Amino acid sequence: MSLTQTISLEFFPPREESARLKLEEAARRLVAHRPAYVSVTYGAGGSTRAGTADTVKFMQSLGCDTAPHLSCIGSSRAELVEILEGYRAQGIRRIVALRGDLPSGMGRHPGEVHYADELVSLIREHFGDVFHIEVAAYPEVHPQAGSASKDLDHFIGKVKAGANGAITQYFFNVDAYFDFVERVQGRGIDIPIVPGIMPITNYKQLARFSNMCGAEIPRWLEARLVDFGDDMASLREFGADFVAGMAQRLLDQGAPGLHFYTLNNAKATLAVWQRLNVA
Ligand SMILES: NC(=O)C1=CN([C@@H]2O[C@H](COP(=O)(O)OP(=O)(O)OC[C@H]3O[C@@H](n4cnc5c(N)ncnc54)[C@H](O)[C@@H]3O)[C@@H](O)[C@H]2O)C=CC1
Ligand SMILES: Nc1nc(=O)c2c([nH]1)NC[C@@H]1CN(c3ccc(C(=O)N[C@@H](CCC(=O)O)C(=O)O)cc3)CN21
């Protein structure tokens with residue numbers, strides 16, 4: 001790793017007491033390695049806005065630079081501004097600005113702010129440069145995008161609206177990442193685009209989520225993962241080797257850092273780090 005490459009972590013708000021203890025333990029273990037910042041999801045997997053606020057406070061209590069995710073879908077401008085005012089008052093200076101996932105079965109989504117670029121504009125309009133803003137990027141193309149080029153245009157729109165950096169959807173094809181970065185740079189944009197890294201610990205869960213969010217599991221990788229069946233220990237070992245190999249190539253070929261989707265599980269992320277030589 002070079003000195004400028006950053007490691008950041010993502011957590012999600014727990015839904016119940018046992019999950020809260022798990023999150024707190026995982027966060028303490030991972031934060032000991034001093035990530036550049038941590039992010040906390042909003043609305044993912046049935047979590048609530050209050051859950052994000054609590055988890056954000058907990059991460060701040062550990063001394064972390066903390067970036068709450070903020071989804072705009074279904075919220076009014078006034079609600080979004082109110083949330084941001086609260087964050088500013090509690091010392092938050094970094095936001096991950098997202099559209100958010102559409103509740104399934106809905107057609108055109110309600111609310112006043114429909115896409116992430118409008119949320120970025122709203123933040124800049126009301127708060128100037130108070131917040132450092134990260135947005136999402138899709139090296140394998142967002143599943144709801146009309147085309148790869150339209151998706152790229154929408155990404156550029158978010159940057160022009162004022163985003164400082166981007167975190168990618170997870171992927172298992174390194175070439176897709178570098179192709180995306182090249183296309184963005186070809187449009188004269190040079191914000192850091194940090195690969196989002198998903199540890200592999202559970203094939204069925206990974207397959208379900210990947211199908212939903214449009215991340216491709218390459219055929220050969222899927223076949224290898226399926227082969228482990230119920231042998232979770234071997235699958236985790238193979239998964240950590242694979243993800244670490246990919247992460248190392250990303251760093252070696254110039255990615256500006258790595259953002260780990262920890263899923264509130266310290267072990268899986270630590271297993272990748274051990275193989276990476278970053279601790
Ligand atoms: N780092 C993270 O937390 C990541 C989160 N996600 C999730 O993915 C979901 C999608 O959010 P974002 O990427 O922020 O949404 P976005 O608003 O940037 O894009 C969503 C979709 O709408 C299209 N689109 C964007 N602007 C448009 C416009 N003006 N007109 C027509 N179509 C437009 C895009 O091409 C894309 O298909 C979020 O729920 C987010 O949580 C995905 C990847 C990484
Ligand atoms: N479209 C989309 N929405 C998101 O919320 C999102 C992304 N993409 N990509 C990046 C990260 C990854 N996120 C994820 C990825 C997987 C699970 C997942 O597998 N959840 C489990 C439950 C996890 C647990 O409770 O331990 C599940 O079965 O759905 C959750 C959030 C959240 N982020």
# chains A, B, ... in the order shown; residues from 1 in each chain; ligands from 1
>>> residues_around(residues="Leu235 of chain A", least_positions_apart="6", cutoff="12 Å", atoms="only C-alpha atoms", output="CSV table (one decimal) with N, CA and C atoms, in the first residue's frame")
chain,number,residue,atom,x,y,z
A,199,PRO,N,-16.5,-9.0,1.4
A,199,PRO,CA,-15.9,-10.3,1.8
A,199,PRO,C,-16.8,-11.4,1.4
A,200,ILE,N,-16.3,-12.6,1.2
A,200,ILE,CA,-17.1,-13.7,0.8
A,200,ILE,C,-17.1,-14.7,2.0
A,201,THR,N,-18.3,-14.9,2.6
A,201,THR,CA,-18.4,-15.8,3.7
A,201,THR,C,-19.5,-16.7,3.6
A,202,ASN,N,-20.5,-16.4,2.7
A,202,ASN,CA,-21.7,-17.2,2.7
A,202,ASN,C,-22.2,-17.1,1.3
A,203,TYR,N,-22.2,-18.3,0.5
A,203,TYR,CA,-22.5,-18.2,-0.9
A,203,TYR,C,-23.9,-17.8,-1.2
A,204,LYS,N,-24.9,-18.4,-0.4
A,204,LYS,CA,-26.3,-18.2,-0.7
A,204,LYS,C,-26.7,-16.7,-0.5
A,221,LEU,N,-16.1,-18.5,-10.5
A,221,LEU,CA,-16.1,-18.3,-9.1
A,221,LEU,C,-17.3,-18.9,-8.4
A,222,GLU,N,-18.5,-18.7,-9.0
A,222,GLU,CA,-19.7,-19.3,-8.5
A,222,GLU,C,-19.5,-20.8,-8.4
A,223,ALA,N,-19.0,-21.4,-9.4
A,223,ALA,CA,-18.8,-22.9,-9.4
A,223,ALA,C,-17.9,-23.3,-8.3
A,224,ARG,N,-16.8,-22.6,-8.0
A,224,ARG,CA,-15.9,-22.9,-6.9
A,224,ARG,C,-16.6,-22.7,-5.6
A,225,LEU,N,-17.4,-21.7,-5.4
A,225,LEU,CA,-18.1,-21.4,-4.2
A,225,LEU,C,-19.2,-22.5,-3.9
A,226,VAL,N,-19.9,-22.8,-4.9
A,226,VAL,CA,-21.0,-23.9,-4.8
A,226,VAL,C,-20.4,-25.2,-4.3
A,227,ASP,N,-19.2,-25.5,-4.9
A,227,ASP,CA,-18.5,-26.7,-4.6
A,227,ASP,C,-18.2,-26.9,-3.1
A,228,PHE,N,-18.1,-25.8,-2.3
A,228,PHE,CA,-17.8,-26.0,-0.9
A,228,PHE,C,-19.0,-26.5,-0.1
A,229,GLY,N,-20.2,-26.4,-0.7
A,229,GLY,CA,-21.4,-26.9,0.0
A,229,GLY,C,-21.5,-26.3,1.4
A,241,ASP,N,-8.9,-15.6,0.4
A,241,ASP,CA,-7.8,-15.6,-0.5
A,241,ASP,C,-8.2,-14.9,-1.8
A,242,PHE,N,-9.4,-15.2,-2.3
A,242,PHE,CA,-9.8,-14.6,-3.5
A,242,PHE,C,-10.0,-13.1,-3.4
A,243,VAL,N,-10.7,-12.6,-2.4
A,243,VAL,CA,-10.9,-11.2,-2.2
A,243,VAL,C,-9.6,-10.5,-1.9
A,268,ALA,N,-14.3,-11.6,8.8
A,268,ALA,CA,-14.2,-11.7,7.4
A,268,ALA,C,-13.3,-10.6,6.8
>>> residues_near_ligand(ligand="ligand 2", cutoff="6 Å", atoms="only C-alpha atoms and all ligand atoms", output="number ranges by chain")
A: 44-45, 101, 169, 205-206, 209, 213, 261, 263
>>> closest_atom_pairs(of="chain A", to="ligand 1", cutoff="8 Å", atoms="only C-alpha atoms and all ligand atoms", output="tab-separated table")
residue	atom	partner	partner_atom_place_in_ligand_line	distance
A:Glu10	CA	ligand 1	3 (O)	7.9
A:Thr41	CA	ligand 1	3 (O)	6.6
A:Tyr42	CA	ligand 1	41 (O)	7.4
A:Gly43	CA	ligand 1	41 (O)	7.9
A:Ala44	CA	ligand 1	41 (O)	6.7
A:His69	CA	ligand 1	3 (O)	6.9
A:Ser71	CA	ligand 1	39 (O)	6.9
A:Val96	CA	ligand 1	3 (O)	6.9
A:Ala97	CA	ligand 1	14 (O)	6.3
A:Leu98	CA	ligand 1	14 (O)	3.2
A:Arg99	CA	ligand 1	14 (O)	3.9
A:Gly100	CA	ligand 1	39 (O)	3.0
A:Asp101	CA	ligand 1	39 (O)	3.6
A:Leu102	CA	ligand 1	39 (O)	7.2
A:His114	CA	ligand 1	17 (O)	6.9
A:Tyr115	CA	ligand 1	17 (O)	3.6
A:Ala116	CA	ligand 1	17 (O)	3.9
A:Asp117	CA	ligand 1	17 (O)	6.3
A:Glu118	CA	ligand 1	29 (N)	7.8
A:Val135	CA	ligand 1	14 (O)	6.2
A:Ala136	CA	ligand 1	44 (C)	4.7
A:Ala137	CA	ligand 1	43 (C)	6.3
A:Tyr138	CA	ligand 1	43 (C)	6.7
A:Val141	CA	ligand 1	37 (O)	7.5
A:His142	CA	ligand 1	37 (O)	4.6
A:Pro143	CA	ligand 1	37 (O)	5.9
A:Gln144	CA	ligand 1	37 (O)	4.0
A:Ala145	CA	ligand 1	37 (O)	3.3
A:Gly146	CA	ligand 1	35 (O)	6.8
A:Ser147	CA	ligand 1	35 (O)	7.7
A:Lys150	CA	ligand 1	35 (O)	6.1
A:Asp151	CA	ligand 1	35 (O)	3.8
A:Leu152	CA	ligand 1	35 (O)	7.2
A:Asp153	CA	ligand 1	35 (O)	7.7
A:His154	CA	ligand 1	26 (N)	4.7
A:Phe155	CA	ligand 1	18 (O)	6.2
A:Gly157	CA	ligand 1	26 (N)	7.5
A:Lys158	CA	ligand 1	18 (O)	7.0
A:Ala166	CA	ligand 1	1 (N)	7.8
A:Ile167	CA	ligand 1	1 (N)	5.0
A:Thr168	CA	ligand 1	44 (C)	5.2
A:Gln169	CA	ligand 1	43 (C)	3.7
A:Tyr170	CA	ligand 1	43 (C)	7.0
A:Gly196	CA	ligand 1	1 (N)	6.7
A:Cys213	CA	ligand 1	8 (O)	7.2
>>> residues_around(residues="Phe171 of chain A", least_positions_apart="5", cutoff="8 Å", atoms="only C-alpha atoms", output="PyMOL selection string")
chain A and resi 139-140+176-177+196-198+215-217
>>> select_by_dssp(residues="segment 23-220 of chain A", states="strand (DSSP E or B)", output="ChimeraX atom specification")
/A:37-40,66-71,94-98,132-137,165-168,193-194,196-197
>>> atom_distance(atom1="atom CA of Pro14 of chain A", atom2="atom CA of Thr48 of chain A")
9.4 Å
